[in-house]
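Shown next: query_15.txt, given as compact mmCIF, N, CA and C atoms and all ligand atoms.
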# COMPACT_ATOMS: atom_id res chain seq x y z
N MET A 1 13.86 116.93 -49.80
CA MET A 1 15.29 116.64 -49.95
C MET A 1 15.88 117.47 -51.10
N SER A 2 17.02 118.10 -50.90
CA SER A 2 17.62 118.88 -51.97
C SER A 2 18.16 117.94 -53.05
N PRO A 3 18.25 118.43 -54.26
CA PRO A 3 18.76 117.55 -55.34
C PRO A 3 20.15 117.01 -55.02
N ALA A 4 20.99 117.86 -54.41
CA ALA A 4 22.36 117.40 -54.12
C ALA A 4 22.34 116.22 -53.15
N THR A 5 21.54 116.34 -52.10
CA THR A 5 21.45 115.25 -51.13
C THR A 5 20.94 113.99 -51.81
N ASP A 6 19.98 114.20 -52.68
CA ASP A 6 19.38 113.07 -53.37
C ASP A 6 20.43 112.31 -54.18
N ILE A 7 21.28 113.06 -54.88
CA ILE A 7 22.32 112.41 -55.70
C ILE A 7 23.30 111.67 -54.79
N GLY A 8 23.68 112.33 -53.67
CA GLY A 8 24.60 111.68 -52.73
C GLY A 8 24.01 110.38 -52.20
N LEU A 9 22.74 110.42 -51.91
CA LEU A 9 22.06 109.23 -51.37
C LEU A 9 22.04 108.12 -52.41
N ARG A 10 21.73 108.51 -53.63
CA ARG A 10 21.69 107.48 -54.68
C ARG A 10 23.06 106.85 -54.88
N ALA A 11 24.11 107.67 -54.82
CA ALA A 11 25.46 107.14 -54.96
C ALA A 11 25.75 106.16 -53.82
N ALA A 12 25.33 106.55 -52.61
CA ALA A 12 25.57 105.68 -51.45
C ALA A 12 24.85 104.35 -51.63
N VAL A 13 23.63 104.42 -52.13
CA VAL A 13 22.88 103.19 -52.35
C VAL A 13 23.59 102.33 -53.40
N ALA A 14 24.03 103.00 -54.46
CA ALA A 14 24.72 102.26 -55.52
C ALA A 14 25.97 101.58 -54.98
N TRP A 15 26.74 102.31 -54.18
CA TRP A 15 27.97 101.71 -53.65
C TRP A 15 27.67 100.63 -52.65
N GLY A 16 26.54 100.76 -51.95
CA GLY A 16 26.12 99.68 -51.04
C GLY A 16 25.95 98.39 -51.81
N ILE A 17 25.34 98.50 -52.97
CA ILE A 17 25.13 97.31 -53.80
C ILE A 17 26.46 96.74 -54.24
N ILE A 18 27.36 97.65 -54.67
CA ILE A 18 28.64 97.19 -55.18
C ILE A 18 29.47 96.54 -54.07
N ALA A 19 29.48 97.16 -52.89
CA ALA A 19 30.33 96.66 -51.82
C ALA A 19 29.76 95.38 -51.18
N PHE A 20 28.45 95.31 -51.03
CA PHE A 20 27.90 94.21 -50.25
C PHE A 20 26.96 93.28 -51.03
N GLY A 21 26.53 93.72 -52.18
CA GLY A 21 25.50 92.97 -52.88
C GLY A 21 26.05 91.89 -53.80
N ALA A 22 25.23 91.45 -54.71
CA ALA A 22 25.60 90.37 -55.61
C ALA A 22 26.71 90.84 -56.56
N PRO A 23 27.84 90.11 -56.63
CA PRO A 23 28.96 90.49 -57.48
C PRO A 23 28.56 90.62 -58.95
N ALA A 24 27.72 89.72 -59.42
CA ALA A 24 27.35 89.75 -60.83
C ALA A 24 26.67 91.07 -61.17
N VAL A 25 25.87 91.58 -60.25
CA VAL A 25 25.17 92.84 -60.47
C VAL A 25 26.16 93.98 -60.58
N ALA A 26 27.20 93.95 -59.74
CA ALA A 26 28.19 95.03 -59.75
C ALA A 26 28.84 95.15 -61.12
N ALA A 27 29.23 94.04 -61.71
CA ALA A 27 29.89 94.09 -63.01
C ALA A 27 28.92 94.61 -64.06
N GLU A 28 27.65 94.27 -63.92
CA GLU A 28 26.66 94.75 -64.88
C GLU A 28 26.53 96.27 -64.83
N ARG A 29 26.89 96.86 -63.70
CA ARG A 29 26.75 98.31 -63.56
C ARG A 29 27.75 99.05 -64.42
N GLY A 30 28.90 98.45 -64.64
CA GLY A 30 29.92 99.11 -65.43
C GLY A 30 29.56 99.08 -66.91
N ASP A 31 30.24 99.93 -67.67
CA ASP A 31 30.02 100.02 -69.11
C ASP A 31 31.19 99.34 -69.81
N ALA A 32 30.95 98.14 -70.33
CA ALA A 32 32.03 97.33 -70.89
C ALA A 32 32.70 98.01 -72.09
N ALA A 33 31.94 98.77 -72.86
CA ALA A 33 32.52 99.43 -74.03
C ALA A 33 33.52 100.49 -73.59
N ARG A 34 33.13 101.26 -72.57
CA ARG A 34 34.05 102.27 -72.04
C ARG A 34 35.24 101.57 -71.39
N GLY A 35 34.96 100.46 -70.72
CA GLY A 35 36.02 99.69 -70.08
C GLY A 35 37.03 99.16 -71.07
N GLN A 36 36.56 98.78 -72.24
CA GLN A 36 37.47 98.24 -73.25
C GLN A 36 38.51 99.28 -73.67
N ALA A 37 38.05 100.52 -73.88
CA ALA A 37 38.98 101.58 -74.28
C ALA A 37 40.05 101.78 -73.20
N LEU A 38 39.62 101.76 -71.94
CA LEU A 38 40.58 101.92 -70.85
C LEU A 38 41.52 100.73 -70.78
N TYR A 39 40.95 99.54 -70.98
CA TYR A 39 41.76 98.32 -70.94
C TYR A 39 42.88 98.39 -72.00
N VAL A 40 42.50 98.79 -73.20
CA VAL A 40 43.48 98.86 -74.29
C VAL A 40 44.59 99.84 -73.92
N GLU A 41 44.20 100.96 -73.30
CA GLU A 41 45.18 101.97 -72.97
C GLU A 41 46.09 101.58 -71.79
N TYR A 42 45.49 101.00 -70.76
CA TYR A 42 46.25 100.82 -69.52
C TYR A 42 46.62 99.37 -69.17
N CYS A 43 46.02 98.41 -69.80
CA CYS A 43 46.20 97.03 -69.34
C CYS A 43 46.75 96.10 -70.41
N SER A 44 46.47 96.40 -71.68
CA SER A 44 46.75 95.42 -72.73
C SER A 44 48.25 95.18 -72.92
N GLN A 45 49.10 96.17 -72.57
CA GLN A 45 50.54 95.96 -72.74
C GLN A 45 50.96 94.71 -71.97
N CYS A 46 50.40 94.53 -70.80
CA CYS A 46 50.77 93.38 -69.98
C CYS A 46 49.81 92.21 -70.14
N HIS A 47 48.53 92.51 -70.30
CA HIS A 47 47.54 91.43 -70.26
C HIS A 47 47.07 90.99 -71.64
N GLY A 48 47.64 91.58 -72.70
CA GLY A 48 47.27 91.15 -74.04
C GLY A 48 45.99 91.81 -74.52
N GLY A 49 45.77 91.77 -75.81
CA GLY A 49 44.64 92.44 -76.43
C GLY A 49 43.30 91.97 -75.90
N ARG A 50 43.20 90.71 -75.51
CA ARG A 50 41.93 90.19 -75.02
C ARG A 50 42.09 89.46 -73.69
N GLY A 51 43.05 89.90 -72.89
CA GLY A 51 43.20 89.34 -71.55
C GLY A 51 44.00 88.06 -71.49
N GLU A 52 44.50 87.61 -72.66
CA GLU A 52 45.11 86.29 -72.71
C GLU A 52 46.52 86.25 -72.11
N GLY A 53 47.16 87.41 -71.94
CA GLY A 53 48.50 87.40 -71.35
C GLY A 53 49.42 88.43 -71.97
N TRP A 54 50.67 88.27 -71.80
CA TRP A 54 51.70 89.25 -72.19
C TRP A 54 51.49 89.82 -73.59
N GLY A 55 51.44 91.16 -73.70
CA GLY A 55 51.17 91.78 -74.98
C GLY A 55 52.33 92.60 -75.55
N TRP A 56 53.41 92.70 -74.80
CA TRP A 56 54.50 93.54 -75.26
C TRP A 56 55.44 92.80 -76.19
N GLY A 57 55.15 91.54 -76.41
CA GLY A 57 55.97 90.77 -77.33
C GLY A 57 57.42 90.79 -76.93
N GLU A 58 58.26 91.05 -77.90
CA GLU A 58 59.70 90.98 -77.67
C GLU A 58 60.27 92.30 -77.17
N LYS A 59 59.43 93.34 -77.09
CA LYS A 59 59.97 94.66 -76.80
C LYS A 59 60.66 94.78 -75.45
N ILE A 60 60.03 94.29 -74.40
CA ILE A 60 60.68 94.27 -73.09
C ILE A 60 60.41 92.92 -72.47
N PRO A 61 61.29 92.49 -71.55
CA PRO A 61 61.07 91.18 -70.96
C PRO A 61 59.81 91.17 -70.10
N PRO A 62 59.09 90.07 -70.07
CA PRO A 62 57.90 89.99 -69.24
C PRO A 62 58.25 90.04 -67.76
N PRO A 63 57.31 90.39 -66.89
CA PRO A 63 57.59 90.41 -65.45
C PRO A 63 57.95 89.01 -64.96
N PRO A 64 58.67 88.95 -63.84
CA PRO A 64 59.16 87.65 -63.34
C PRO A 64 58.08 86.81 -62.65
N VAL A 65 56.82 87.22 -62.76
CA VAL A 65 55.73 86.39 -62.24
C VAL A 65 54.79 86.09 -63.40
N PRO A 66 54.10 84.95 -63.36
CA PRO A 66 53.20 84.64 -64.48
C PRO A 66 52.06 85.66 -64.56
N ILE A 67 51.63 85.97 -65.77
CA ILE A 67 50.50 86.87 -65.96
C ILE A 67 49.24 86.03 -66.07
N PRO A 68 48.30 86.24 -65.16
CA PRO A 68 47.09 85.41 -65.20
C PRO A 68 46.30 85.64 -66.49
N ASP A 69 45.66 84.60 -66.97
CA ASP A 69 44.85 84.69 -68.19
C ASP A 69 43.46 85.23 -67.82
N LEU A 70 43.24 86.51 -68.11
CA LEU A 70 41.99 87.17 -67.72
C LEU A 70 40.84 86.80 -68.65
N SER A 71 41.12 86.02 -69.68
CA SER A 71 40.04 85.61 -70.58
C SER A 71 39.58 84.19 -70.27
N ASN A 72 40.23 83.56 -69.28
CA ASN A 72 39.90 82.17 -68.93
C ASN A 72 38.68 82.16 -67.99
N ALA A 73 37.56 81.69 -68.49
CA ALA A 73 36.31 81.73 -67.73
C ALA A 73 36.42 80.93 -66.43
N GLU A 74 37.06 79.76 -66.50
CA GLU A 74 37.23 78.93 -65.31
C GLU A 74 37.95 79.70 -64.21
N HIS A 75 39.00 80.39 -64.60
CA HIS A 75 39.80 81.14 -63.64
C HIS A 75 39.03 82.37 -63.14
N MET A 76 38.46 83.13 -64.03
CA MET A 76 37.81 84.39 -63.67
C MET A 76 36.58 84.18 -62.78
N ARG A 77 35.92 83.05 -62.99
CA ARG A 77 34.75 82.71 -62.19
C ARG A 77 35.08 82.68 -60.68
N GLN A 78 36.33 82.34 -60.38
CA GLN A 78 36.73 82.23 -58.97
C GLN A 78 37.10 83.57 -58.35
N LEU A 79 37.15 84.62 -59.13
CA LEU A 79 37.58 85.91 -58.62
C LEU A 79 36.38 86.84 -58.43
N PRO A 80 36.05 87.17 -57.18
CA PRO A 80 34.91 88.06 -56.93
C PRO A 80 35.17 89.47 -57.45
N ASP A 81 34.10 90.18 -57.77
CA ASP A 81 34.22 91.56 -58.25
C ASP A 81 35.04 92.43 -57.30
N GLN A 82 34.81 92.23 -55.99
CA GLN A 82 35.48 93.08 -55.02
C GLN A 82 37.00 92.87 -55.07
N TYR A 83 37.41 91.63 -55.30
CA TYR A 83 38.84 91.33 -55.44
C TYR A 83 39.40 92.02 -56.69
N LEU A 84 38.67 91.91 -57.80
CA LEU A 84 39.13 92.55 -59.04
C LEU A 84 39.25 94.06 -58.83
N PHE A 85 38.26 94.61 -58.15
CA PHE A 85 38.27 96.05 -57.90
C PHE A 85 39.52 96.44 -57.11
N GLU A 86 39.79 95.70 -56.05
CA GLU A 86 40.94 96.05 -55.20
C GLU A 86 42.27 95.92 -55.91
N ILE A 87 42.45 94.83 -56.63
CA ILE A 87 43.76 94.66 -57.27
C ILE A 87 43.95 95.67 -58.39
N ILE A 88 42.86 96.01 -59.10
CA ILE A 88 43.00 97.00 -60.17
C ILE A 88 43.23 98.39 -59.58
N LYS A 89 42.48 98.72 -58.55
CA LYS A 89 42.61 100.05 -57.97
C LYS A 89 43.93 100.24 -57.22
N GLU A 90 44.28 99.26 -56.38
CA GLU A 90 45.40 99.46 -55.46
C GLU A 90 46.65 98.68 -55.82
N GLY A 91 46.54 97.81 -56.81
CA GLY A 91 47.71 97.08 -57.25
C GLY A 91 47.86 95.73 -56.55
N GLY A 92 48.76 94.91 -57.08
CA GLY A 92 48.93 93.54 -56.61
C GLY A 92 49.23 93.41 -55.13
N GLU A 93 50.07 94.31 -54.62
CA GLU A 93 50.48 94.17 -53.22
C GLU A 93 49.32 94.33 -52.25
N ALA A 94 48.30 95.09 -52.66
CA ALA A 94 47.14 95.31 -51.78
C ALA A 94 46.37 94.02 -51.52
N VAL A 95 46.51 93.04 -52.41
CA VAL A 95 45.77 91.78 -52.22
C VAL A 95 46.73 90.60 -52.03
N GLY A 96 47.97 90.90 -51.63
CA GLY A 96 48.90 89.82 -51.33
C GLY A 96 49.63 89.28 -52.55
N LYS A 97 49.51 89.98 -53.69
CA LYS A 97 50.30 89.57 -54.86
C LYS A 97 51.48 90.52 -54.99
N THR A 98 52.06 90.60 -56.19
CA THR A 98 53.28 91.39 -56.32
C THR A 98 53.02 92.78 -56.92
N ARG A 99 54.03 93.62 -56.80
CA ARG A 99 53.91 94.98 -57.34
C ARG A 99 54.01 94.99 -58.86
N PHE A 100 54.23 93.83 -59.48
CA PHE A 100 54.27 93.80 -60.95
C PHE A 100 52.90 94.04 -61.55
N MET A 101 51.86 93.96 -60.72
CA MET A 101 50.53 94.39 -61.13
C MET A 101 50.33 95.79 -60.54
N PRO A 102 50.42 96.85 -61.40
CA PRO A 102 50.40 98.23 -60.88
C PRO A 102 49.00 98.70 -60.48
N ALA A 103 48.95 99.67 -59.58
CA ALA A 103 47.69 100.28 -59.16
C ALA A 103 47.18 101.24 -60.23
N ALA A 104 45.86 101.24 -60.45
CA ALA A 104 45.29 102.13 -61.47
C ALA A 104 44.63 103.36 -60.86
N GLU A 105 44.69 103.49 -59.53
CA GLU A 105 43.91 104.56 -58.90
C GLU A 105 44.33 105.97 -59.32
N ARG A 106 45.56 106.14 -59.77
CA ARG A 106 45.98 107.47 -60.19
C ARG A 106 45.41 107.86 -61.55
N VAL A 107 45.09 106.86 -62.35
CA VAL A 107 44.63 107.16 -63.71
C VAL A 107 43.14 106.89 -63.93
N MET A 108 42.46 106.28 -62.94
CA MET A 108 41.05 105.92 -63.13
C MET A 108 40.23 106.16 -61.88
N SER A 109 39.03 106.71 -62.06
CA SER A 109 38.09 106.82 -60.94
C SER A 109 37.52 105.43 -60.64
N ASP A 110 36.86 105.31 -59.48
CA ASP A 110 36.24 104.04 -59.13
C ASP A 110 35.25 103.61 -60.21
N GLU A 111 34.49 104.59 -60.71
CA GLU A 111 33.49 104.27 -61.72
C GLU A 111 34.13 103.68 -62.98
N ARG A 112 35.27 104.26 -63.38
CA ARG A 112 35.96 103.74 -64.57
C ARG A 112 36.50 102.33 -64.31
N ILE A 113 36.93 102.09 -63.06
CA ILE A 113 37.43 100.75 -62.72
C ILE A 113 36.30 99.72 -62.88
N TRP A 114 35.09 100.10 -62.48
CA TRP A 114 33.95 99.16 -62.67
C TRP A 114 33.69 98.95 -64.15
N ASP A 115 33.93 99.97 -64.97
CA ASP A 115 33.78 99.80 -66.42
C ASP A 115 34.78 98.74 -66.91
N VAL A 116 36.03 98.84 -66.41
CA VAL A 116 37.05 97.87 -66.82
C VAL A 116 36.66 96.46 -66.37
N ILE A 117 36.12 96.37 -65.16
CA ILE A 117 35.70 95.05 -64.65
C ILE A 117 34.58 94.49 -65.53
N ALA A 118 33.65 95.34 -65.93
CA ALA A 118 32.56 94.88 -66.81
C ALA A 118 33.17 94.33 -68.11
N TYR A 119 34.20 95.01 -68.61
CA TYR A 119 34.86 94.52 -69.84
C TYR A 119 35.55 93.18 -69.59
N LEU A 120 36.27 93.08 -68.46
CA LEU A 120 36.95 91.82 -68.14
C LEU A 120 35.95 90.68 -68.08
N ARG A 121 34.81 90.93 -67.45
CA ARG A 121 33.77 89.89 -67.35
C ARG A 121 33.27 89.50 -68.73
N SER A 122 33.19 90.47 -69.62
CA SER A 122 32.67 90.16 -70.95
C SER A 122 33.64 89.26 -71.72
N LEU A 123 34.93 89.35 -71.40
CA LEU A 123 35.92 88.51 -72.09
C LEU A 123 35.65 87.04 -71.82
N SER A 124 35.36 86.70 -70.58
CA SER A 124 35.15 85.28 -70.30
C SER A 124 33.70 84.87 -70.54
N ARG A 125 32.79 85.80 -70.45
CA ARG A 125 31.39 85.43 -70.65
C ARG A 125 31.21 84.87 -72.06
N ARG A 126 31.95 85.43 -73.00
CA ARG A 126 31.83 84.96 -74.37
C ARG A 126 32.22 83.49 -74.51
N VAL A 127 33.23 83.11 -73.71
CA VAL A 127 33.69 81.72 -73.77
C VAL A 127 32.70 80.82 -73.03
N GLU A 128 32.24 81.35 -71.88
CA GLU A 128 31.44 80.55 -70.98
C GLU A 128 30.05 80.25 -71.53
N VAL A 129 29.40 81.26 -72.08
CA VAL A 129 28.03 81.09 -72.56
C VAL A 129 27.98 81.48 -74.05
N PRO A 130 28.40 80.57 -74.91
CA PRO A 130 28.51 80.92 -76.33
C PRO A 130 27.17 81.34 -76.94
N GLY A 131 26.08 80.81 -76.40
CA GLY A 131 24.78 81.12 -76.98
C GLY A 131 24.27 82.51 -76.64
N LYS A 132 24.81 83.09 -75.55
CA LYS A 132 24.29 84.36 -75.08
C LYS A 132 24.70 85.52 -76.00
N GLN A 133 23.80 86.41 -76.26
CA GLN A 133 24.09 87.56 -77.13
C GLN A 133 24.78 88.64 -76.31
N GLU A 134 26.10 88.74 -76.43
CA GLU A 134 26.87 89.77 -75.70
C GLU A 134 27.73 90.49 -76.71
N ARG A 135 27.51 91.73 -76.91
CA ARG A 135 28.36 92.43 -77.87
C ARG A 135 28.82 93.75 -77.32
C1 LIG B 201 53.04 96.30 -65.95
C2 LIG B 201 52.23 95.17 -66.31
C3 LIG B 201 50.76 95.18 -65.93
C4 LIG B 201 49.82 96.15 -66.19
C5 LIG B 201 50.01 97.47 -66.92
C6 LIG B 201 48.58 95.64 -65.65
N1 LIG B 201 48.77 94.42 -65.07
FE1 LIG B 201 47.35 93.29 -64.16
N2 LIG B 201 48.78 91.97 -63.57
C7 LIG B 201 50.09 92.01 -63.94
C8 LIG B 201 50.79 90.92 -63.30
C9 LIG B 201 52.29 90.60 -63.45
C10 LIG B 201 49.86 90.22 -62.52
C11 LIG B 201 50.12 89.03 -61.60
C12 LIG B 201 50.66 89.58 -60.30
C13 LIG B 201 51.10 88.53 -59.32
O1 LIG B 201 50.77 87.35 -59.51
O2 LIG B 201 51.77 88.89 -58.36
C14 LIG B 201 48.58 90.91 -62.72
C15 LIG B 201 47.40 90.54 -62.13
C16 LIG B 201 46.16 91.06 -62.46
C17 LIG B 201 44.89 90.58 -61.97
C18 LIG B 201 44.70 89.43 -60.99
C19 LIG B 201 44.26 88.19 -61.69
C20 LIG B 201 44.29 86.99 -60.79
O3 LIG B 201 44.25 85.88 -61.33
O4 LIG B 201 44.36 87.12 -59.56
C21 LIG B 201 43.93 91.34 -62.54
C22 LIG B 201 42.43 91.22 -62.35
C23 LIG B 201 44.59 92.33 -63.36
N3 LIG B 201 45.95 92.12 -63.28
C24 LIG B 201 43.95 93.28 -64.11
C25 LIG B 201 44.59 94.35 -64.70
C26 LIG B 201 43.90 95.49 -65.28
C27 LIG B 201 42.40 95.63 -65.39
C28 LIG B 201 44.87 96.35 -65.70
C29 LIG B 201 44.67 97.72 -66.33
C30 LIG B 201 43.95 98.68 -65.52
C31 LIG B 201 46.14 95.76 -65.42
N4 LIG B 201 45.94 94.56 -64.80
C32 LIG B 201 47.38 96.31 -65.73
C33 LIG B 201 50.68 92.94 -64.77
C34 LIG B 201 50.09 94.10 -65.22
Hey, can you dump this file as structure tokens for me?
Amino acid sequence: MSPATDIGLRAAVAWGIIAFGAPAVAAERGDAARGQALYVEYCSQCHGGRGEGWGWGEKIPPPPVPIPDLSNAEHMRQLPDQYLFEIIKEGGEAVGKTRFMPAAERVMSDERIWDVIAYLRSLSRRVEVPGKQER
């Protein structure tokens, strides 16, 4: 097998896991540290510094729909990785929500989106399992 084919195959296997396998494993694949930098740049204005909600303060009015608390473990537990991936990549309307949640596909590759998801998961994991060493 040529090296190029080998890499393509490995990518396909990896995406197979992400698309069909255990959601928890998919989030583990992303790099939460890299995801945090992206989150701060592209998401924190609306979702707050740590996912808690509106971060623009008084500068502009908040969107006319509530901003979900992405740091709430109870809430996040109910959202599968694949759902997070779709709404982040394609925006709110792709999953039946509103366009006030913008699509990130123009500014992030799929791999970077998984990094952001890994970071989002780390926000609630800290609340959920206080004893676990996650840094
Ligand atoms: C312009 C403001 C804005 C930006 C920027 C933004 N979001 Fe959102 N996001 C929203 C709003 C508003 C909603 C709720 C949409 C609705 O209910 O229709 C939302 C919903 C979500 C949800 C769904 C949560 C749930 O409970 O279903 C996730 C996940 C999410 N955003 C992640 C992100 C990530 C990650 C980024 C950065 C890549 C980001 N958002 C950037 C405004 C924003």
Padding 4 Å on each side, edges along x, y and z: where is the centre of the box around the listed atoms of region 84-103 of chain A, and how long are its edges in Å to one decimal? Output it as AutoDock Vina command-line options.
--center_x 46.3 --center_y 95.3 --center_z -56.4 --size_x 24.0 --size_y 20.0 --size_z 18.2
Near Gly55 (chain A), within 8 Å and counting only N, CA and C atoms, which residues show up once chain neighbours fewer than 3 positions away are dropped, as a compact mmCIF listing (two decimals) with N, CA and C atoms, keeping the file's coordinate frame?
# COMPACT_ATOMS: atom_id res chain seq x y z
N CYS A 43 46.02 98.41 -69.80
CA CYS A 43 46.20 97.03 -69.34
C CYS A 43 46.75 96.10 -70.41
N SER A 44 46.47 96.40 -71.68
CA SER A 44 46.75 95.42 -72.73
C SER A 44 48.25 95.18 -72.92
N GLN A 45 49.10 96.17 -72.57
CA GLN A 45 50.54 95.96 -72.74
C GLN A 45 50.96 94.71 -71.97
N CYS A 46 50.40 94.53 -70.80
CA CYS A 46 50.77 93.38 -69.98
C CYS A 46 49.81 92.21 -70.14
N HIS A 47 48.53 92.51 -70.30
CA HIS A 47 47.54 91.43 -70.26
C HIS A 47 47.07 90.99 -71.64
N GLY A 48 47.64 91.58 -72.70
CA GLY A 48 47.27 91.15 -74.04
C GLY A 48 45.99 91.81 -74.52
N GLY A 49 45.77 91.77 -75.81
CA GLY A 49 44.64 92.44 -76.43
C GLY A 49 43.30 91.97 -75.90
N GLU A 52 44.50 87.61 -72.66
CA GLU A 52 45.11 86.29 -72.71
C GLU A 52 46.52 86.25 -72.11
N GLU A 58 58.26 91.05 -77.90
CA GLU A 58 59.70 90.98 -77.67
C GLU A 58 60.27 92.30 -77.17
N LYS A 59 59.43 93.34 -77.09
CA LYS A 59 59.97 94.66 -76.80
C LYS A 59 60.66 94.78 -75.45
N ILE A 60 60.03 94.29 -74.40
CA ILE A 60 60.68 94.27 -73.09
C ILE A 60 60.41 92.92 -72.47
N PRO A 62 59.09 90.07 -70.07
CA PRO A 62 57.90 89.99 -69.24
C PRO A 62 58.25 90.04 -67.76
Residues within 8 Å of ligand LIG 201 (chain B), counting all atoms listed in the file, as number ranges by chain: A: 38-47, 62-70, 75-76, 79, 83-89, 91-93, 96-105, 113, 116-117, 120
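Between atom N of Ala32 (chain A) and atom C of Val95 (chain A) the separation is 25.3 Å.
Distance annotation: of A:Asn72, A:Gln82, A:Asp115, A:Ala94, the residue with the minimal separation from Arg29 (chain A) is A:Asp115; atom set is all atoms listed in the file.
With CA of Arg50 (chain A) on one side and CA of Leu123 (chain A) on the other, the separation reads 6.9 Å.
Between CA of Pro61 (chain A) and CA of Arg77 (chain A) there is a distance of 29.0 Å.
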